[in-house]
Each structure stands twice: as structure tokens, then as C-alpha cells.
>>> print(open('work.cif').read())   # mmCIF, C-alpha atoms (C1' of nucleotides)
data_my_file
loop_
_atom_site.label_atom_id
_atom_site.label_comp_id
_atom_site.auth_asym_id
_atom_site.auth_seq_id
_atom_site.Cartn_x
_atom_site.Cartn_y
_atom_site.Cartn_z
CA MET A 292 -11.11 10.03 -11.01
CA THR A 293 -7.52 10.27 -9.85
CA TYR A 294 -4.93 7.53 -10.24
CA GLN A 295 -4.21 7.27 -6.56
CA PRO A 296 -7.08 4.94 -5.58
CA LYS A 297 -6.56 2.86 -8.71
CA LEU A 298 -2.89 2.32 -8.01
CA VAL A 299 -3.50 1.63 -4.34
CA ALA A 300 -6.13 -0.89 -5.35
CA LEU A 301 -3.75 -2.61 -7.76
CA ALA A 302 -0.95 -2.75 -5.21
CA ASP A 303 -2.66 -5.46 -3.17
CA PRO A 304 -2.03 -8.98 -4.48
CA THR A 305 -5.45 -10.26 -3.46
CA ARG A 306 -7.17 -7.43 -5.30
CA ARG A 307 -5.06 -8.06 -8.37
CA ALA A 308 -5.99 -11.72 -8.17
CA ILE A 309 -9.64 -10.69 -8.04
CA LEU A 310 -9.20 -8.59 -11.13
CA GLU A 311 -7.44 -11.45 -12.86
CA ARG A 312 -10.43 -13.66 -12.19
CA LEU A 313 -12.79 -11.02 -13.56
CA ARG A 314 -10.56 -10.48 -16.53
CA HIS A 315 -12.61 -12.63 -18.86
CA GLY A 316 -16.08 -11.81 -17.63
CA ALA A 317 -18.41 -11.01 -14.75
CA MET A 318 -18.78 -13.23 -11.71
CA PRO A 319 -20.85 -13.26 -8.51
CA VAL A 320 -19.10 -12.68 -5.19
CA GLY A 321 -19.60 -16.20 -3.91
CA LYS A 322 -17.98 -17.88 -6.88
CA LEU A 323 -15.23 -15.30 -6.78
CA ALA A 324 -14.49 -15.79 -3.09
CA ALA A 325 -14.44 -19.58 -3.47
CA GLY A 326 -11.09 -19.33 -5.25
CA PHE A 327 -9.32 -17.56 -2.40
CA ASP A 328 -7.98 -18.51 0.98
CA VAL A 329 -9.41 -15.37 2.54
CA THR A 330 -13.01 -15.20 3.70
CA ARG A 331 -15.90 -13.88 1.67
CA PRO A 332 -16.25 -10.67 3.70
CA ALA A 333 -12.61 -9.90 2.95
CA VAL A 334 -13.35 -10.29 -0.74
CA SER A 335 -16.35 -8.00 -0.35
CA GLN A 336 -14.16 -5.35 1.22
CA HIS A 337 -11.64 -5.64 -1.60
CA LEU A 338 -14.44 -5.34 -4.12
CA LYS A 339 -15.61 -2.15 -2.47
CA ILE A 340 -12.14 -0.69 -2.77
CA LEU A 341 -11.91 -1.76 -6.39
CA GLN A 342 -15.30 -0.29 -7.13
CA ASP A 343 -14.55 3.01 -5.38
CA ALA A 344 -11.40 3.17 -7.46
CA GLY A 345 -13.48 2.76 -10.59
CA LEU A 346 -11.83 -0.51 -11.57
CA VAL A 347 -14.90 -2.77 -11.28
CA ARG A 348 -18.61 -2.36 -11.59
CA SER A 349 -21.39 -4.41 -10.04
CA GLN A 350 -24.84 -5.42 -11.12
CA ARG A 351 -27.51 -7.13 -9.12
CA VAL A 352 -29.17 -10.20 -10.54
CA GLY A 353 -31.72 -11.56 -8.11
CA THR A 354 -29.97 -12.09 -4.83
CA SER A 355 -26.55 -12.31 -6.44
CA ARG A 356 -24.30 -9.46 -7.41
CA PHE A 357 -22.09 -9.76 -10.45
CA TYR A 358 -18.81 -7.89 -10.58
CA SER A 359 -16.94 -7.10 -13.76
CA VAL A 360 -13.91 -5.04 -14.72
CA ASP A 361 -14.73 -1.41 -15.49
CA ALA A 362 -13.10 -0.90 -18.86
CA ALA A 363 -13.23 2.89 -18.66
CA GLY A 364 -11.49 3.03 -15.31
CA LEU A 365 -8.79 0.67 -16.45
CA ASP A 366 -8.28 2.67 -19.60
CA GLU A 367 -7.71 5.82 -17.60
CA LEU A 368 -4.79 4.20 -15.85
CA ARG A 369 -3.50 2.83 -19.10
CA ARG A 370 -3.47 6.28 -20.64
CA TYR A 371 -1.62 7.72 -17.68
CA LEU A 372 1.17 5.19 -18.06
CA ASP A 373 1.28 5.74 -21.81
CA HIS A 374 1.70 9.48 -21.40
CA PHE A 375 4.34 8.98 -18.78
CA TRP A 376 6.10 6.54 -21.03
CA ALA A 377 6.11 9.04 -23.89
CA ASP A 378 7.67 11.71 -21.69
CA VAL A 379 10.36 9.37 -20.45
CA LEU A 380 11.23 8.32 -23.97
CA ALA A 381 11.46 11.93 -25.10
CA ALA A 382 13.72 12.77 -22.18
CA PHE A 383 15.89 9.79 -22.99
CA ARG A 384 16.25 10.86 -26.62
CA ASN A 385 17.18 14.36 -25.49
CA GLU A 386 19.79 12.92 -23.18
CA THR A 387 21.47 10.71 -25.78
CA GLU A 388 21.40 13.58 -28.26
CA ARG A 389 23.20 15.79 -25.82
CA VAL A 390 25.78 13.07 -25.23
CA THR A 391 26.16 12.27 -28.91
CA ALA A 392 26.76 15.88 -29.91
CA PRO A 393 29.65 16.99 -27.62
CA ALA A 394 29.16 20.75 -27.54
CA LYS A 395 31.55 21.33 -24.67
CA LYS A 396 34.12 19.07 -23.03
CA PRO A 397 33.19 15.38 -23.29
CA GLY A 398 32.29 15.35 -19.60
CA ARG A 399 35.10 13.25 -18.18
CA THR A 400 34.40 13.03 -14.50
CA ILE A 401 37.34 13.35 -12.16
CA ARG A 402 37.23 9.79 -11.00
CA GLN A 403 39.82 7.37 -9.61
CA ARG A 404 42.29 9.55 -7.74
CA LYS A 405 44.03 6.74 -5.94
CA ALA A 406 41.42 4.01 -5.37
CA LYS A 407 42.52 3.71 -1.76
CA LYS A 408 41.26 0.39 -0.50
CA HIS A 409 40.38 1.69 2.99
CA GLY A 410 41.97 -1.20 4.85
CA LYS A 411 41.09 0.17 8.26
CA ARG A 412 37.62 -0.58 9.53
CA MET B 293 10.57 -8.70 -12.57
CA THR B 294 7.06 -9.06 -11.29
CA TYR B 295 4.44 -6.32 -11.28
CA GLN B 296 3.90 -6.46 -7.54
CA PRO B 297 6.81 -4.24 -6.46
CA LYS B 298 6.17 -1.84 -9.32
CA LEU B 299 2.53 -1.38 -8.40
CA VAL B 300 3.32 -1.10 -4.71
CA ALA B 301 5.91 1.54 -5.57
CA LEU B 302 3.43 3.52 -7.64
CA ALA B 303 0.76 3.35 -4.96
CA ASP B 304 2.58 5.84 -2.74
CA PRO B 305 1.91 9.48 -3.65
CA THR B 306 5.38 10.63 -2.64
CA ARG B 307 7.00 8.03 -4.84
CA ARG B 308 4.76 8.99 -7.74
CA ALA B 309 5.73 12.62 -7.18
CA ILE B 310 9.37 11.58 -7.33
CA LEU B 311 8.80 9.82 -10.62
CA GLU B 312 6.98 12.87 -11.94
CA ARG B 313 10.01 14.98 -11.15
CA LEU B 314 12.28 12.50 -12.91
CA ARG B 315 9.92 12.29 -15.83
CA HIS B 316 11.90 14.68 -17.98
CA GLY B 317 15.41 13.73 -17.00
CA ALA B 318 17.87 12.60 -14.34
CA MET B 319 18.38 14.46 -11.08
CA PRO B 320 20.58 14.15 -7.97
CA VAL B 321 18.97 13.22 -4.66
CA GLY B 322 19.52 16.59 -3.04
CA LYS B 323 17.79 18.57 -5.73
CA LEU B 324 15.05 15.99 -5.81
CA ALA B 325 14.47 16.08 -2.07
CA ALA B 326 14.43 19.89 -2.04
CA GLY B 327 11.02 19.85 -3.69
CA PHE B 328 9.35 17.78 -0.99
CA ASP B 329 8.16 18.35 2.52
CA VAL B 330 9.61 15.04 3.68
CA THR B 331 13.25 14.72 4.71
CA ARG B 332 16.04 13.62 2.42
CA PRO B 333 16.44 10.21 4.07
CA ALA B 334 12.78 9.55 3.35
CA VAL B 335 13.40 10.35 -0.30
CA SER B 336 16.40 8.02 -0.26
CA GLN B 337 14.22 5.23 1.07
CA HIS B 338 11.61 5.84 -1.58
CA LEU B 339 14.31 5.81 -4.23
CA LYS B 340 15.52 2.45 -2.99
CA ILE B 341 12.02 1.04 -3.30
CA LEU B 342 11.64 2.50 -6.77
CA GLN B 343 15.00 1.11 -7.80
CA ASP B 344 14.30 -2.35 -6.39
CA ALA B 345 11.04 -2.27 -8.35
CA GLY B 346 13.00 -1.51 -11.50
CA LEU B 347 11.33 1.84 -12.03
CA VAL B 348 14.42 4.03 -11.61
CA ARG B 349 18.14 3.66 -12.14
CA SER B 350 20.98 5.51 -10.50
CA GLN B 351 24.40 6.64 -11.58
CA ARG B 352 27.18 8.10 -9.49
CA VAL B 353 28.80 11.32 -10.60
CA GLY B 354 31.42 12.40 -8.13
CA THR B 355 29.77 12.59 -4.75
CA SER B 356 26.31 12.97 -6.22
CA ARG B 357 24.03 10.26 -7.44
CA PHE B 358 21.71 10.89 -10.34
CA TYR B 359 18.43 9.05 -10.55
CA SER B 360 16.39 8.62 -13.70
CA VAL B 361 13.32 6.69 -14.75
CA ASP B 362 14.07 3.17 -15.96
CA ALA B 363 12.29 3.03 -19.28
CA ALA B 364 12.41 -0.76 -19.50
CA GLY B 365 10.80 -1.25 -16.10
CA LEU B 366 8.08 1.22 -16.85
CA ASP B 367 7.41 -0.42 -20.18
CA GLU B 368 6.94 -3.77 -18.52
CA LEU B 369 4.09 -2.38 -16.45
CA ARG B 370 2.66 -0.65 -19.47
CA ARG B 371 2.54 -3.91 -21.36
CA TYR B 372 0.85 -5.68 -18.49
CA LEU B 373 -1.96 -3.12 -18.43
CA ASP B 374 -2.26 -3.25 -22.20
CA HIS B 375 -2.67 -7.01 -22.19
CA PHE B 376 -5.15 -6.81 -19.39
CA TRP B 377 -7.03 -4.15 -21.26
CA ALA B 378 -7.19 -6.31 -24.38
CA ASP B 379 -8.62 -9.22 -22.41
CA VAL B 380 -11.25 -7.06 -20.78
CA LEU B 381 -12.29 -5.61 -24.12
CA ALA B 382 -12.57 -9.07 -25.63
CA ALA B 383 -14.67 -10.24 -22.70
CA PHE B 384 -16.88 -7.21 -23.07
CA ARG B 385 -17.42 -7.86 -26.77
CA ASN B 386 -18.31 -11.46 -26.01
CA GLU B 387 -20.80 -10.29 -23.43
CA THR B 388 -22.59 -7.80 -25.67
CA GLU B 389 -22.63 -10.35 -28.45
CA ARG B 390 -24.33 -12.83 -26.19
CA VAL B 391 -26.86 -10.19 -25.15
CA THR B 392 -27.42 -8.94 -28.69
CA ALA B 393 -28.10 -12.41 -30.07
CA PRO B 394 -30.90 -13.71 -27.77
CA ALA B 395 -30.47 -17.45 -28.11
CA LYS B 396 -32.75 -18.25 -25.21
CA LYS B 397 -35.15 -16.09 -23.22
CA PRO B 398 -34.09 -12.42 -23.09
CA GLY B 399 -33.04 -12.81 -19.48
CA ARG B 400 -35.76 -10.85 -17.71
CA THR B 401 -34.89 -11.07 -14.06
CA ILE B 402 -37.71 -11.70 -11.65
CA ARG B 403 -37.50 -8.28 -10.08
CA GLN B 404 -40.03 -6.01 -8.35
CA ARG B 405 -42.55 -8.32 -6.77
CA LYS B 406 -44.07 -5.72 -4.46
CA ALA B 407 -41.33 -3.16 -3.64
CA LYS B 408 -42.22 -3.35 0.01
CA LYS B 409 -40.88 -0.26 1.73
CA HIS B 410 -39.86 -2.07 4.97
CA GLY B 411 -41.24 0.60 7.31
CA LYS B 412 -40.42 -1.40 10.41
CA ARG B 413 -36.94 -1.15 11.75
"C1'" DC C 245 -45.13 -14.90 6.21
"C1'" DA C 246 -41.11 -18.13 7.27
"C1'" DA C 247 -36.96 -19.96 5.70
"C1'" DG C 248 -33.05 -19.92 2.83
"C1'" DT C 249 -29.57 -17.77 0.08
"C1'" DA C 250 -26.28 -14.09 -1.31
"C1'" DG C 251 -23.70 -10.57 0.12
"C1'" DG C 252 -22.61 -6.10 2.52
"C1'" DT C 253 -21.20 -3.90 7.24
"C1'" DA C 254 -19.00 -3.29 11.89
"C1'" DA C 255 -15.69 -3.96 15.49
"C1'" DG C 256 -11.41 -5.56 16.83
"C1'" DT C 257 -6.60 -6.89 15.97
"C1'" DA C 258 -1.98 -7.90 14.08
"C1'" DT C 259 0.94 -6.43 10.63
"C1'" DC C 260 3.02 -3.32 7.61
"C1'" DC C 261 4.94 1.04 6.14
"C1'" DA C 262 6.22 5.97 5.72
"C1'" DC C 263 8.44 8.97 8.46
"C1'" DT C 264 12.16 11.23 11.51
"C1'" DA C 265 16.52 11.60 13.99
"C1'" DA C 266 20.98 10.01 14.43
"C1'" DC C 267 24.71 7.83 12.36
"C1'" DC C 268 27.85 5.88 8.72
"C1'" DT C 269 30.17 5.96 3.96
"C1'" DT C 270 32.25 7.82 0.06
"C1'" DA C 271 34.21 11.41 -2.90
"C1'" DA C 272 36.43 15.95 -3.54
"C1'" DG C 273 39.29 19.99 -2.26
"C1'" DC C 274 42.43 22.31 0.70
"C1'" DG D 55 46.06 13.95 6.28
"C1'" DC D 56 41.51 16.99 7.70
"C1'" DT D 57 37.11 19.09 6.23
"C1'" DT D 58 33.12 19.53 3.58
"C1'" DA D 59 29.52 17.74 0.63
"C1'" DA D 60 26.20 14.27 -0.83
"C1'" DG D 61 23.68 10.29 0.33
"C1'" DG D 62 22.75 5.82 2.09
"C1'" DT D 63 21.44 3.13 6.55
"C1'" DT D 64 19.41 2.05 11.16
"C1'" DA D 65 16.18 2.10 15.08
"C1'" DG D 66 12.04 3.46 16.63
"C1'" DT D 67 7.17 5.04 16.22
"C1'" DG D 68 2.34 6.46 14.84
"C1'" DG D 69 -1.01 5.58 11.54
"C1'" DA D 70 -2.89 2.91 7.80
"C1'" DT D 71 -4.83 -1.67 6.30
"C1'" DA D 72 -5.96 -6.51 5.42
"C1'" DC D 73 -7.90 -9.84 7.90
"C1'" DT D 74 -11.51 -12.37 10.97
"C1'" DT D 75 -15.89 -13.09 13.45
"C1'" DA D 76 -20.37 -11.70 14.17
"C1'" DC D 77 -24.18 -9.40 12.53
"C1'" DC D 78 -27.42 -7.12 9.32
"C1'" DT D 79 -29.94 -6.44 4.78
"C1'" DA D 80 -32.09 -7.74 0.43
"C1'" DC D 81 -34.19 -10.94 -2.57
"C1'" DT D 82 -36.57 -15.36 -3.62
"C1'" DT D 83 -39.40 -19.45 -2.89
"C1'" DG D 84 -42.17 -22.66 -0.22
#
>>> encode(input="work.cif", output="C-alpha cells")
Amino acid sequence: MTYQPKLVALADPTRRAILERLRHGAMPVGKLAAGFDVTRPAVSQHLKILQDAGLVRSQRVGTSRFYSVDAAGLDELRRYLDHFWADVLAAFRNETERVTAPAKKPGRTIRQRKAKKHGKR
Amino acid sequence: MTYQPKLVALADPTRRAILERLRHGAMPVGKLAAGFDVTRPAVSQHLKILQDAGLVRSQRVGTSRFYSVDAAGLDELRRYLDHFWADVLAAFRNETERVTAPAKKPGRTIRQRKAKKHGKR
DNA sequence: CAAGTAGGTAAGTATCCACTAACCTTAAGC
DNA sequence: GCTTAAGGTTAGTGGATACTTACCTACTTG
């Protein structure tokens, strides 16, 4: 599964609120929808998006349907961010190293020539 | 900073591509935009969104402007997912515990009464 | 089977958003 | 000063999307 649908799913505040409510355990749609100002069908549509993204799973129990967070799907996203984070940190260390060890000229940029205050406008 | 703008920023594939290109170090807008099929102004707009979200930082060097990933902003999002992940895991453990230790009836749902194949439509 | 309950689906709509083209701003070099 | 280079900003537009109402489906219980 790619990250795209997961991140799109998380970008909507209502969907994130849904996930927050499922954070500590499964819940049927009705109970879930009761906590929102949007209608139940809207919640159903959000749940479909979340499920297609692999962020929640559902399980029928009689006429109800319990939704819960899909740990595996969430973990995938977590790993992506962790990897990204590692790369950024490495790049940052490289950068500071290069600055710390001044191989060539210390990189003075040719700033402030006159600081003309452009009075005309 | 809230997660909302960060997640919205990451939901767009072009913006994620931009971040990927900045993953290993800073880069001026022109060079950045050269790698995309969208115009440079579009990249500028995406950079503004990313910056407002706290995911990138910029630094002027002469007439250029170098953008780089903002490690702190990224970390914030990382932590959010990690916390969330921990909660979900805990909830999952609780659940399996409850299922493993059958305090009451083993929860047989009252399924398949006749499996009528609803031929009429 | 009829009635009730829980929830998914479809059609329509208003809003948002990513994009482009044109323009404006700032710095550097002659 | 003028010119060039690099980017940010604005106005406008087509397509995505979150919502509602109305309807349909599946399961359970009398």
C-alpha cells in the first residue's frame, strides 16, 4: 500500500477525529457518528476512505459493524516518517560538518552593498 | 504547531515529491522546480504551504533562496504518529487479553440462521 | 414473514485547491 | 543608473471532495 491514500485520509480533520475516537478500541458506526456534527452517511463515507487507505478495519457483529484502527497500516506510515527523519538528520549532520570544517573560503556572501531603502513606491 | 497543516501539506503528491528532493539537503527554488512538470510559481506556492506547516525552512543567499526540510517540524509529526501507535497497540493488547481470558460466554454471535440466497431482486 | 435496526450507496451541490499566466520585488553585475 | 536573474504574488479556472437527502441492503426478532 502506498502512503498517498493514508496521508490524504489523515489530512481531513473529521477523519482524524474518527481515528482519535477509535484510538482506544473498536466501535460501531452509530456510536461513532453520534459524536460528530456531520451525518451518519458522511461518517460511513469517511470510514470507507480510511479503510481503503488501510488505516481501519471493520468486523460485522450481528447487524452492527465495528471499526478499529489497523495497526499494520498505521505502522507503515510511521516507518515512512522514521526513514525520512533519518535521512534529514544525516543531511543536517553533513551540512554542519561542511560548515564546521572550512575547506575553502568561509562562504561570506556578498551582502549589504548599500541597503538602499527604496523610498519610491 | 498543529498537525493539521502538516498532514494537509503531506497529502499532496507534488509537495511530497518536493520534500523527497530536499530530503538530502537544501536546494534553490529554480533547481527544485526544474525536476517537475508543474511551473515554478506552482512550486513556490507549494513551498509556502510547506513552510507555513513548519515542514521546510528557507534561507536567502544572494538572489536565490534555499529551502531545506525543517527537522523540528517533521519530528513533531513523527512523535504524534508514535504516540498514536502506542495507544493503538495498547488497545489491541487489551482486546486480545479480553478475548483470551473468557470471563463470560465466548461471544458466539448468532450468525447463519439460514443463509437465504435472496434470489428475488 | 413483517417490522425494526444498523449501516452502506447514490445523486446532487457548494466549497476548496492545484494549476497557469501575468505581474511585482529584490539582489547582483555592468 | 539599467539589465539580468531568481522568486514571490495575484486573479482566474477546472477538477476534486466533503457534505446532505433519499434510498437500498443485511441481519435479527416478534
>>> residues_around(input="work.cif", residues="range 248-262 of chain C", least_positions_apart="4", cutoff="9 Å", atoms="all atoms listed in the file", output="NGL selection string")
(:A and (320-321 or 331-332 or 335-336 or 354-356)) or (:B and (334)) or (:D and (70-74 or 76-83))
>>> resolve_selection(input="work.cif", expression="the PyMOL selection byres ((chain D) within 10 of (chain B))", output="number ranges by chain")
D: 59-63, 81-82
>>> interface_residues(input="work.cif", of="chain A", to="chain B", cutoff="8 Å", atoms="all atoms listed in the file", output="VMD selection string")
chain A and resid 295 298 to 299 301 to 304 314 to 316 352 to 353 360 362 365 to 366 369 372 to 373 375 to 376 378 to 383 386 400 to 402
>>> write_last_selection(input="work.cif", atoms="C-alpha atoms", output="PDB file, in the frame of the given file")
ATOM      1  CA  GLN A 295      -4.210   7.270  -6.560  1.00  0.00           C
ATOM      2  CA  LEU A 298      -2.890   2.320  -8.010  1.00  0.00           C
ATOM      3  CA  VAL A 299      -3.500   1.630  -4.340  1.00  0.00           C
ATOM      4  CA  LEU A 301      -3.750  -2.610  -7.760  1.00  0.00           C
ATOM      5  CA  ALA A 302      -0.950  -2.750  -5.210  1.00  0.00           C
ATOM      6  CA  ASP A 303      -2.660  -5.460  -3.170  1.00  0.00           C
ATOM      7  CA  PRO A 304      -2.030  -8.980  -4.480  1.00  0.00           C
ATOM      8  CA  ARG A 314     -10.560 -10.480 -16.530  1.00  0.00           C
ATOM      9  CA  HIS A 315     -12.610 -12.630 -18.860  1.00  0.00           C
ATOM     10  CA  GLY A 316     -16.080 -11.810 -17.630  1.00  0.00           C
ATOM     11  CA  VAL A 352     -29.170 -10.200 -10.540  1.00  0.00           C
ATOM     12  CA  GLY A 353     -31.720 -11.560  -8.110  1.00  0.00           C
ATOM     13  CA  VAL A 360     -13.910  -5.040 -14.720  1.00  0.00           C
ATOM     14  CA  ALA A 362     -13.100  -0.900 -18.860  1.00  0.00           C
ATOM     15  CA  LEU A 365      -8.790   0.670 -16.450  1.00  0.00           C
ATOM     16  CA  ASP A 366      -8.280   2.670 -19.600  1.00  0.00           C
ATOM     17  CA  ARG A 369      -3.500   2.830 -19.100  1.00  0.00           C
ATOM     18  CA  LEU A 372       1.170   5.190 -18.060  1.00  0.00           C
ATOM     19  CA  ASP A 373       1.280   5.740 -21.810  1.00  0.00           C
ATOM     20  CA  PHE A 375       4.340   8.980 -18.780  1.00  0.00           C
ATOM     21  CA  TRP A 376       6.100   6.540 -21.030  1.00  0.00           C
ATOM     22  CA  ASP A 378       7.670  11.710 -21.690  1.00  0.00           C
ATOM     23  CA  VAL A 379      10.360   9.370 -20.450  1.00  0.00           C
ATOM     24  CA  LEU A 380      11.230   8.320 -23.970  1.00  0.00           C
ATOM     25  CA  ALA A 381      11.460  11.930 -25.100  1.00  0.00           C
ATOM     26  CA  ALA A 382      13.720  12.770 -22.180  1.00  0.00           C
ATOM     27  CA  PHE A 383      15.890   9.790 -22.990  1.00  0.00           C
ATOM     28  CA  GLU A 386      19.790  12.920 -23.180  1.00  0.00           C
ATOM     29  CA  THR A 400      34.400  13.030 -14.500  1.00  0.00           C
ATOM     30  CA  ILE A 401      37.340  13.350 -12.160  1.00  0.00           C
ATOM     31  CA  ARG A 402      37.230   9.790 -11.000  1.00  0.00           C
TER      32      ARG A 402
END
>>> closest_residue(input="work.cif", among="A:Ala324, A:Ala308, A:Leu346, A:Leu341", to="chain C", atoms="all atoms listed in the file")
A:Ala324
>>> resolve_selection(input="work.cif", expression="the PyMOL selection byres ((chain C and resi 246) around 9)", output="list of chain:residue names")
C:DC245, C:DA247, D:DG84
>>> atom_distance(input="work.cif", atom1="CA of Val335 in chain B", atom2="CA of Lys323 in chain B")
10.8 Å
>>> resolve_selection(input="work.cif", expression="the PyMOL selection byres ((chain C) within 12 of (chain B))", output="list in words")
DC261, DA262, DC263, DT264, DA265, DA266, DC267, DT269, DT270, DA271 and DA272 of chain C
